[in-house]
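Enquirer: Below is the structure I would like to discuss, written out as structure tokens.
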Amino acid sequence: MIGATNHRDALDPAILRPGRFDLHHSLVRPTQAQVLHMLRRALPEAAEPDLVMLARVFSGETPAMIDAAIRAAKAQARRSGQPLRIPTLIAARPPAPEGYDRRIAIHECGHAIVATLLRAGPVRQMQLSRDGGSTSRGSAIHEGTPLEFEHELTIILAGRAAERLALGSITAGAGGSAESDLAQASALQLQLDREFGLGVNGNGWLGPANMQRLLPDDADRLRVKLDQFERRARALLAPHRDLLETLAAHLVEHRELQEADLRPWLSGLQPVDLAETDLNGGPSG
């Protein structure tokens with residue numbers, strides 16, 4: 001039996017136990033190489049350079065979105081009695097708002113740089129799309145120590161910190177859905193406090209938090225902690241602002257960077273001991 005869902009977190013845990021659905025796979029958005037393969041099949045008459053250019057334009061989009069755009073372009077070409085031309089298809093796509101791609105790239109590069117500094121690499125992929133960006137990386141959490149969780153929270157908030165550092169402002173991009181940076185950071189910090197015995201409640205186990213019914217003191221404590229981790233991320237990024245800016249420009253140009261592409265950019269970063277940076281974003285001691 002095969003099942004599919006867009007919201008795995010909404011499934012009853014019983015469905016996911018061994019004996020029900022034994023293998024679990026996430027279908028992520030295709031890479032540019034995979035998009036190019038799709039385009040070769042869908043547009044066999046197109047020239048390879050045009051397909052490569054189109055694959056970059058479609059970077060980060062789902063197969064369904066790509067298929068819909070191609071079908072619409074083919075239909076328009078039939079109605080006009082003209083052959084489908086790739087440059088025309090590209091030109092017809094609405095441009096991103098001014099500065100949008102750069103901001104998203106700054107955000108994603110912030111995650112990548114801080115993940116490398118805090119030994120949560122390798123950064124496997126960064127990708128821009130019309131509706132945001134994504135960074136695929138390793139986790140900072142291995143043994144489950146308090147310091148590892150601090151590392152992970154700092155990395156999660158590094159995108160927001162990078163925007164504030166490089167652009168002087170932040171947007172709603174770090175928030176929104178339950179998969180957003182702010183949602184992940186909030187959930188993780190509350191788990192530390194309520195479920196993992198590594199937070200304000202010590203050995204007490206209070207169970208999962210109801211985000212809509214947090215007590216005012218809990219909400220205030222959460223805000224203070226996440227603000228501290230964002231400041232720490234900004235302190236880690238500040239010495240590497242030139243790298244942040246140039247890597248972001250490179251990502252805007254190419255739309256997608258794989259681990260091999262990123263290695264020359266990130267390999268020179270020296271891992272940081274978080275003891276050197278306190279939670280207020282300055283040197284400890």
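Within each chain, counting starts at residue 1; across the structure tokens, chains are named A, B, ... in the order shown, with ligands numbered 1 upward in that order.
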Set the distance at 9 Å and use only C-alpha atoms: which residues neighbour region 120-122 of chain A once local chain neighbours fewer than 4 positions away are removed? I'd like the list as a ChimeraX atom specification.
Expert: /A:112,114-116,136-141,151-152,155,259,263
Enquirer: Let me see the file: selected residues, N, CA and C atoms, as a PDB file, in the first residue's frame.
Expert:
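Done, and the output landed in again02.pdb:
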```pdb
ATOM      1  N   ALA A 112      23.298  29.082   5.874  1.00  0.00           N
ATOM      2  CA  ALA A 112      24.422  28.251   5.432  1.00  0.00           C
ATOM      3  C   ALA A 112      25.711  28.603   6.165  1.00  0.00           C
ATOM      4  N   VAL A 114      26.143  30.191   9.146  1.00  0.00           N
ATOM      5  CA  VAL A 114      26.108  29.867  10.575  1.00  0.00           C
ATOM      6  C   VAL A 114      26.086  28.352  10.786  1.00  0.00           C
ATOM      7  N   ALA A 115      25.416  27.612   9.915  1.00  0.00           N
ATOM      8  CA  ALA A 115      25.448  26.147  10.023  1.00  0.00           C
ATOM      9  C   ALA A 115      26.870  25.627   9.895  1.00  0.00           C
ATOM     10  N   THR A 116      27.639  26.221   9.006  1.00  0.00           N
ATOM     11  CA  THR A 116      29.034  25.797   8.833  1.00  0.00           C
ATOM     12  C   THR A 116      29.866  26.182  10.045  1.00  0.00           C
ATOM     13  N   SER A 136      19.220  23.103   2.498  1.00  0.00           N
ATOM     14  CA  SER A 136      19.301  21.735   3.004  1.00  0.00           C
ATOM     15  C   SER A 136      20.640  21.564   3.700  1.00  0.00           C
ATOM     16  N   ARG A 137      20.615  21.144   4.950  1.00  0.00           N
ATOM     17  CA  ARG A 137      21.842  21.055   5.747  1.00  0.00           C
ATOM     18  C   ARG A 137      21.712  19.947   6.774  1.00  0.00           C
ATOM     19  N   GLY A 138      22.825  19.669   7.429  1.00  0.00           N
ATOM     20  CA  GLY A 138      22.798  18.734   8.533  1.00  0.00           C
ATOM     21  C   GLY A 138      22.220  19.381   9.780  1.00  0.00           C
ATOM     22  N   SER A 139      21.953  18.563  10.785  1.00  0.00           N
ATOM     23  CA  SER A 139      21.442  19.062  12.060  1.00  0.00           C
ATOM     24  C   SER A 139      22.597  19.287  13.024  1.00  0.00           C
ATOM     25  N   ALA A 140      22.423  20.252  13.907  1.00  0.00           N
ATOM     26  CA  ALA A 140      23.409  20.479  14.959  1.00  0.00           C
ATOM     27  C   ALA A 140      23.185  19.551  16.147  1.00  0.00           C
ATOM     28  N   ILE A 141      22.057  18.846  16.156  1.00  0.00           N
ATOM     29  CA  ILE A 141      21.694  18.018  17.310  1.00  0.00           C
ATOM     30  C   ILE A 141      22.088  16.574  17.044  1.00  0.00           C
ATOM     31  N   HIS A 151      22.962  25.583  19.425  1.00  0.00           N
ATOM     32  CA  HIS A 151      23.482  25.682  18.059  1.00  0.00           C
ATOM     33  C   HIS A 151      22.336  25.659  17.048  1.00  0.00           C
ATOM     34  N   GLU A 152      21.442  24.688  17.190  1.00  0.00           N
ATOM     35  CA  GLU A 152      20.359  24.528  16.221  1.00  0.00           C
ATOM     36  C   GLU A 152      19.451  25.757  16.205  1.00  0.00           C
ATOM     37  N   ILE A 155      21.135  28.576  14.368  1.00  0.00           N
ATOM     38  CA  ILE A 155      21.110  28.380  12.910  1.00  0.00           C
ATOM     39  C   ILE A 155      19.726  28.696  12.345  1.00  0.00           C
ATOM     40  N   GLU A 259      26.122  21.079  -2.974  1.00  0.00           N
ATOM     41  CA  GLU A 259      27.216  20.974  -2.003  1.00  0.00           C
ATOM     42  C   GLU A 259      28.572  21.235  -2.644  1.00  0.00           C
ATOM     43  N   ARG A 263      31.158  24.283  -1.555  1.00  0.00           N
ATOM     44  CA  ARG A 263      32.374  23.938  -0.819  1.00  0.00           C
ATOM     45  C   ARG A 263      33.450  25.018  -0.909  1.00  0.00           C
TER      46      ARG A 263
END
```
Enquirer: What's the 7 Å shell around region 163-180 of chain A, counting only C-alpha atoms, without same-chain residues fewer than 2 positions away, as an mmCIF file with C-alpha atoms, in the first residue's frame?
Expert:
```
data_model
loop_
_atom_site.group_PDB
_atom_site.id
_atom_site.type_symbol
_atom_site.label_atom_id
_atom_site.label_comp_id
_atom_site.auth_asym_id
_atom_site.auth_seq_id
_atom_site.Cartn_x
_atom_site.Cartn_y
_atom_site.Cartn_z
ATOM 1 C CA ARG A 103 16.671 39.286 0.269
ATOM 2 C CA ILE A 106 20.750 36.791 1.985
ATOM 3 C CA HIS A 107 18.398 34.862 4.260
ATOM 4 C CA GLY A 159 18.325 33.786 8.144
ATOM 5 C CA ARG A 160 16.427 36.514 9.957
ATOM 6 C CA ALA A 161 19.674 37.757 11.502
ATOM 7 C CA LEU A 182 9.966 31.045 13.655
ATOM 8 C CA ALA A 183 7.567 28.130 14.079
ATOM 9 C CA GLN A 184 10.427 25.620 14.227
ATOM 10 C CA ARG A 234 24.042 38.113 13.947
#
```
Enquirer: In Å, with one decimal, what is the gap from CA of Thr135 (chain A) to CA of His111 (chain A)?
Expert: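 Calculated distance between CA of Thr135 (chain A) and CA of His111 (chain A) is 7.2 Å.
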Enquirer: Just give me the gap between CA of Ser26 (chain A) and CA of Leu257 (chain A) in Å, one decimal is fine.
Expert: 20.2 Å
Enquirer: From the set A:Val252, A:Gly60, A:Ala33, A:Leu190, which residue has the shortest atom-to-atom contact distance to Asp220 (chain A), counting only C-alpha atoms?
Expert: A:Leu190
Enquirer: Would you please extract all strand (DSSP E) residues from region 51-224 of chain A, as assigned by DSSP on the backbone, and give them as a VMD selection string?
Expert: chain A and resid 123 to 129 132 to 137
Enquirer: Please produce a file of those selected residues containing C-alpha atoms, as an mmCIF file, in the first residue's frame.
Expert:
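Dumped everything to out-v6.cif:
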```cif
data_model
loop_
_atom_site.group_PDB
_atom_site.id
_atom_site.type_symbol
_atom_site.label_atom_id
_atom_site.label_comp_id
_atom_site.auth_asym_id
_atom_site.auth_seq_id
_atom_site.Cartn_x
_atom_site.Cartn_y
_atom_site.Cartn_z
ATOM 1 C CA VAL A 123 25.235 22.414 3.549
ATOM 2 C CA ARG A 124 23.891 20.183 0.804
ATOM 3 C CA GLN A 125 21.869 22.624 -1.265
ATOM 4 C CA MET A 126 20.534 26.166 -1.433
ATOM 5 C CA GLN A 127 17.744 27.052 -3.801
ATOM 6 C CA LEU A 128 15.698 30.107 -4.743
ATOM 7 C CA SER A 129 12.161 29.903 -6.067
ATOM 8 C CA GLY A 132 10.904 31.773 -1.277
ATOM 9 C CA GLY A 133 14.049 29.782 -0.725
ATOM 10 C CA SER A 134 15.368 26.689 0.985
ATOM 11 C CA THR A 135 18.584 25.426 2.518
ATOM 12 C CA SER A 136 19.301 21.735 3.004
ATOM 13 C CA ARG A 137 21.842 21.055 5.747
#
```
Enquirer: With distances taken over only C-alpha atoms, which residue among A:Leu206, A:Arg130, A:Leu117, A:Met211 lies nearest Val272 (chain A)?
Expert: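 Under the stated criterion, the closest residue is A:Leu117.
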Enquirer: Name the closest residue to Ile66 (chain A) among the candidates A:Val35, A:Leu192, A:Ala47, A:Ile86; distances are taken between atoms, counting only C-alpha atoms.
Expert: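 Of A:Val35, A:Leu192, A:Ala47, A:Ile86, the one nearest Ile66 (chain A), counting only C-alpha atoms, is A:Val35.
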Enquirer: When you count only C-alpha atoms, which of these residues is closest to Leu269 (chain A): A:Arg85, A:His240, A:His37, A:Arg79?
Expert: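 Among the listed residues, A:His240 lies closest to Leu269 (chain A).
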Enquirer: Report as a ChimeraX atom specification: the residues of region 31-257 of chain A with a DSSP assignment of helix (DSSP H, G or I), based on the backbone of this structure.
Expert: /A:32-42,48-57,63-80,86-92,100-117,146-156,158-167,172-174,181-194,211-213,216-254
Enquirer: Compare A:Leu23, A:Leu244, A:Ala249, A:Glu230 by their minimum atom-to-atom distance to Ile2 (chain A), counting only C-alpha atoms, and give me the closest one.
Expert: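 Between A:Leu23, A:Leu244, A:Ala249, A:Glu230, the residue approaching Ile2 (chain A) most closely is A:Leu23.
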Enquirer: For Asp50 (chain A), which residue out of A:Pro94, A:Pro87, A:Gly99, A:Gly81 is the nearest one, using only C-alpha atoms?
Expert: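 Answer, going by the shortest atom-to-atom distance: A:Pro87.
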Enquirer: If we count only C-alpha atoms and set the cut-off at 8 Å, which residues sit around Lys225 (chain A), ignoring sequence neighbours fewer than 4 positions away in its own chain? Please answer as a ChimeraX atom specification.
Expert: /A:189,221,229
Enquirer: Work out how far apart CA of Pro83 (chain A) and CA of Ala42 (chain A) are and give it in Å to one decimal.
Expert: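 Distance between the two atoms: 14.4 Å.
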Enquirer: List the spatial neighbours of Leu222 (chain A) as a short mmCIF file (atom, residue, chain, number, x, y, z; two decimals) with C-alpha atoms, in the first residue's frame - criterion: any atom at most 10 Å away, only C-alpha atoms, same-chain residues fewer than 2 positions off excluded.
Expert:
```cif
data_model
loop_
_atom_site.label_atom_id
_atom_site.label_comp_id
_atom_site.auth_asym_id
_atom_site.auth_seq_id
_atom_site.Cartn_x
_atom_site.Cartn_y
_atom_site.Cartn_z
CA ALA A 185 12.42 27.73 16.68
CA SER A 186 9.40 28.34 18.90
CA ALA A 187 8.47 24.66 18.98
CA GLN A 189 12.52 26.09 22.56
CA LEU A 190 9.21 25.09 24.14
CA ASP A 193 11.45 23.93 28.53
CA LEU A 214 0.60 29.97 26.10
CA PRO A 216 1.85 35.35 29.18
CA ASP A 217 4.98 34.48 31.17
CA ASP A 218 5.74 31.56 28.84
CA ALA A 219 5.21 33.70 25.75
CA ASP A 220 7.47 36.44 27.14
CA VAL A 224 13.35 36.70 25.03
CA LYS A 225 15.11 33.41 24.25
CA LEU A 226 14.52 33.62 20.49
CA ASP A 227 15.66 37.25 20.44
CA GLN A 228 18.86 36.16 22.17
#
```
